[in-house]
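Here the structure is laid out as structure tokens; the discussion comes afterwards.
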Amino acid sequence: MSLGYRSPAAFLNSGEGNGAAALKTRAEVSPADTWDLTPIFPDNDGWEAEFSDLANRYSGITALRGTLGRSAADLAAAMAFETSLDRSTERLGQYASLRVSEDSSHAAALDREGRFSSLCAKISEACSWVAPEIQQIPDETFETFLHDPALADWKVSLQRLRRLKPHILGNAEERLLSLAMPSLGGHHETFSQLTNVDMTFGKVTDDRGREVELTQSSFSSLLQRPDRGVRKTAFDKFYAEFDAHKFTLASALSNSVKADVFLARARNYPSAREASLFPDNVPVSVYDNLISAVRSRLPVLHGYYALRQRVFNLPDLHAYDTYAPMVAAVQTEVGFDEATEMVLRSLAPLGEEYVSVLGRGLREERWCDRYENKGKRSGAFSYGTYQAPPYILMNYKKDVFSDIYTLAHEAGHSMHTWYSRRAQSFQNYHYPIFLAEAASTFNEILLTEHLLASTQDRAMRAYLINRQVDDLRGTLFRQTMFAEFEKLTHEAEESGAALTLESFRTMYRGLLDAYFGPGVTIDPELELECLRIPHFYSAFYVYKYATGISAAITLADGVLKSGRTDRYFGFLSSGGSKFPIETLTEAGVDMNSPAPVNAALDLFGRRVAELEELLS
């Protein structure tokens, strides 16, 4: 059983913090523009009281050791005790994390988070015997327990835990695996330290004549500059540094794949991919259907690249030419209150309750921490829990139009949590990441449809459509290419093939040629991209981005065309009470078929055609 605390990083919407002169300190920010955390704890003293209480009582779980198989009542007593710990850790963790997010330089907040992290480690150790002891209950006895009313609140979580029984080893083997995990995961630290600390990329003179430090973060920004010379210089310098460390990175990636395969074999899974999909009960056919469906529509993507080449009037197109916007960002100033109204109007198809709850949360109940301040975490996230509002962190800027989309996106996460916790018990309200991105992307789709219906201005329409096209390209096509690479590398290891720098480059080059097509010139340096993608060192996650946007498009299409919202609200309310494929099927999205992915691909094709007409 796991602790209820969740980091907001699960819902991180990546983005660079935009620097501003004379940023306000946290103390200078108007309270009306900040989140109100008093529903979690009235003040810091309230947090300290709960923390002390938890620190004093968590060890009581050890007194129940050896009792779980005696009766359903005994097992229920242990589940209730552990649930009480989970509820406390979730509340304490949310408050501590949000306080650090609003000002990462605040000493008291950092101290609070550090003490909480240390306590969580102690609680995890104290509870570590619970899951193994549940697995040791004889099958017949366990089935009898599940039908006892005393365990009704934990039936789903117990069934999910029991699914793991074929993959749980004996006590001695489990101990050895536990001891080996830091070593098996060492590639993560190697990759992080090398790419974030040791590697330096130099500087690039941008299109305004300014020297820009080339970093992992600024690289993406520089690839979007209108000056091709700036893009090429950034590309060349960036990959020159990766070329200098390519053998070390290839070794780290190889060890990452080997660790995945070793753990899957040790736990008796048929493959590393199936081991990763097992917790969500996702069949490998969903993964394979995604790849085959996207592969079948690559000519449409190739046509989009040809359009880019024509719009930019380039003699040839390179990968570093594929990120610069074809349509200049619209120059508008939209204040936060106006952005809130735009988002709420776009969500009108979901009905009065959804809109009014979100509206109160954003306007009156201060769910959202709105603006940048000194020391505040960059980007945006939603952090929802069972016992407090689903808070949103923003760094909103009125002259950045895409921030309106970020608000809609994070509001989707927050309302997903709101409906889930209203309908489910604490034990069942946590929804998996497989579902999370569907709810947030759904809101972005409705916002795009609303904005397109609200304007006939060609420049605005082109901007909105270009934005959606690039979102689909980056989420549907690019993440599927990544998912295919992960599949190939793990299959190579499982078949006994050597994983070397050259084998990685060869596999990745084949994917680059296929996905970019014959009209794009692939620079050899781009083959090294496979060594710099952080997700590749934690494999079989990226496919969820592609399935998530596909599910969202089908869900949104159903609501907009039929006007019916019951299925969508069933999806939002399901939490973690069912496996994600079952939840989506009941909402009208059959991820066991390629239909949702094909619907997303159809939308991409239509939008590219619309964009071509607007830019003609």
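If you're wondering about the labels, chains in the structure tokens are A, B, ... by order shown, residues count from 1 in each chain, ligands from 1 in order shown.
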
Counting only C-alpha atoms, give me one row per residue of stretch 195-301 of chain A with an atom at most 10 Å from an atom of stretch 161-179 of chain A, showing the shortest contact pair and its distance in Å to one decimal, sorted by chain then residue number, as a tab-separated table.
residue	atom	partner	partner_atom	distance
A:Leu263	CA	A:Leu177	CA	8.5
A:Ala264	CA	A:His167	CA	8.9
A:Arg265	CA	A:His167	CA	9.6
A:Ala266	CA	A:His167	CA	8.3
A:Arg267	CA	A:His167	CA	4.7
A:Asn268	CA	A:His167	CA	5.8
A:Tyr269	CA	A:His167	CA	7.3
A:Ala275	CA	A:His167	CA	9.4
A:Phe278	CA	A:Leu164	CA	8.8
A:Pro279	CA	A:Leu164	CA	8.3
A:Asn281	CA	A:Arg163	CA	9.8

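We find atom CA of A:Tyr354 and atom CA of A:Asn598 to be spaced 29.0 Å apart.
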
- Query: Restricting the calculation to only C-alpha atoms, which member of A:Arg65, A:His409, A:Arg461, A:Arg421 is positioned closest to A:Phe442?
  - Reply: A:His409

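For A:Ala539, the set of protein, DNA and RNA residues having any atom at most 9 Å away, when counting only C-alpha atoms and skipping those fewer than 5 positions along the same chain, is Ser256, Val257, Asp260, Arg273, Ser276, Ala483, Glu486 and Lys487 of chain A.
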
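If you look at atom CA of A:Ser217 and atom CA of A:Glu333, they are 25.4 Å away from each other.
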
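For the choices A:Ala244, A:Leu615, A:Ala439, A:Val212, the atom-to-atom distance to A:Thr554 is smallest for A:Ala439 when using only C-alpha atoms.
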
Counting only C-alpha atoms, give me one row per residue of stretch 351-436 of chain A with an atom at most 10 Å from an atom of stretch 317-331 of chain A, showing the shortest contact pair and its distance in Å to one decimal, sorted by chain then residue number, as a Markdown table.
| residue | atom | partner | partner_atom | distance |
| --- | --- | --- | --- | --- |
| A:Asp399 | CA | A:Gln331 | CA | 7.1 |
| A:Val400 | CA | A:Gln331 | CA | 8.3 |
| A:Phe401 | CA | A:Val330 | CA | 7.2 |
| A:Ser402 | CA | A:Ala329 | CA | 9.0 |

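The space between atom CA of A:Asp457 and atom CA of A:Glu410 spans 27.4 Å.
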
- Can you list, as a PyMOL selection string, every protein, DNA or RNA residue that comes within 12 Å of A:Gly69 when you count only C-alpha atoms, leaving out same-chain residues fewer than 4 positions away? chain A and resi 64-65+73-78+130-145

- Task: Do a neighbour search on stretch 183-200 of chain A at 7 Å with only C-alpha atoms, toss out local chain neighbours closer than 5 positions, and write the hits as a VMD selection string.
- Result: chain A and resid 241 249 252 255 to 256 259 537

- Message: Could you list, as number ranges by chain, every residue within 10 Å of A:Asp471, counting only C-alpha atoms and ignoring same-chain residues fewer than 6 positions away?
- Response: A: 465, 477-478, 549, 604

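Using only C-alpha atoms, the nearest neighbour of A:Asn44 within the list A:Glu353, A:Arg87, A:Arg112, A:Thr25 is A:Arg112.
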
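Minimum atom-to-atom distances from A:Tyr405, A:Leu98, A:Leu85, A:Val355 to A:Cys127 were compared using only C-alpha atoms, and the lowest value belongs to A:Leu85.
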
For stretch 347-350 of chain A, list every protein, DNA or RNA residue within 9 Å, evaluated using only C-alpha atoms, and leave out those in the same chain fewer than 4 positions away; present the list as a tab-separated table (two decimals) with C-alpha atoms, in the first residue's frame.
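Okay, result21.tsv is ready:
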chain	number	residue	atom	x	y	z
A	342	MET	CA	-12.82	33.22	-21.79
A	343	VAL	CA	-12.07	29.79	-20.31
A	354	TYR	CA	-18.94	22.63	-13.93
A	355	VAL	CA	-18.72	26.29	-14.93
A	443	ASN	CA	-10.45	21.74	-21.93
A	446	LEU	CA	-13.05	23.23	-26.11
A	447	LEU	CA	-11.13	26.52	-25.77
A	450	HIS	CA	-14.77	28.42	-28.78
A	559	VAL	CA	-19.89	16.39	-26.06
A	560	LEU	CA	-19.86	19.04	-28.79
A	563	GLY	CA	-24.69	17.95	-26.27
A	564	ARG	CA	-24.67	15.02	-23.83
A	565	THR	CA	-22.30	15.28	-20.89
A	568	TYR	CA	-17.91	12.67	-19.70
A	569	PHE	CA	-18.92	13.32	-16.12

List every residue of stretch 412-495 of chain A that has an atom at most 12 Å from any atom of stretch 360-378 of chain A, and for each one report the closest atom pair and its distance in Å to one decimal, counting only C-alpha atoms, with rows sorted by chain and then by increasing residue number, as a tab-separated table.
residue	atom	partner	partner_atom	distance
A:Ser414	CA	A:Trp367	CA	9.2
A:Met415	CA	A:Gly361	CA	9.9
A:Trp418	CA	A:Gly361	CA	10.6

- From A:Val261, A:Ala453, A:Phe485, A:Arg57, residue lying nearest A:His535 [only C-alpha atoms]: A:Phe485

- Secondary structure check, helix (DSSP H, G or I) residues of stretch 325-546 of chain A, as a PyMOL selection string: chain A and resi 336-346+348-350+352-363+402-423+426-428+433-453+458-495+501-516+524-531+534-537+543-546
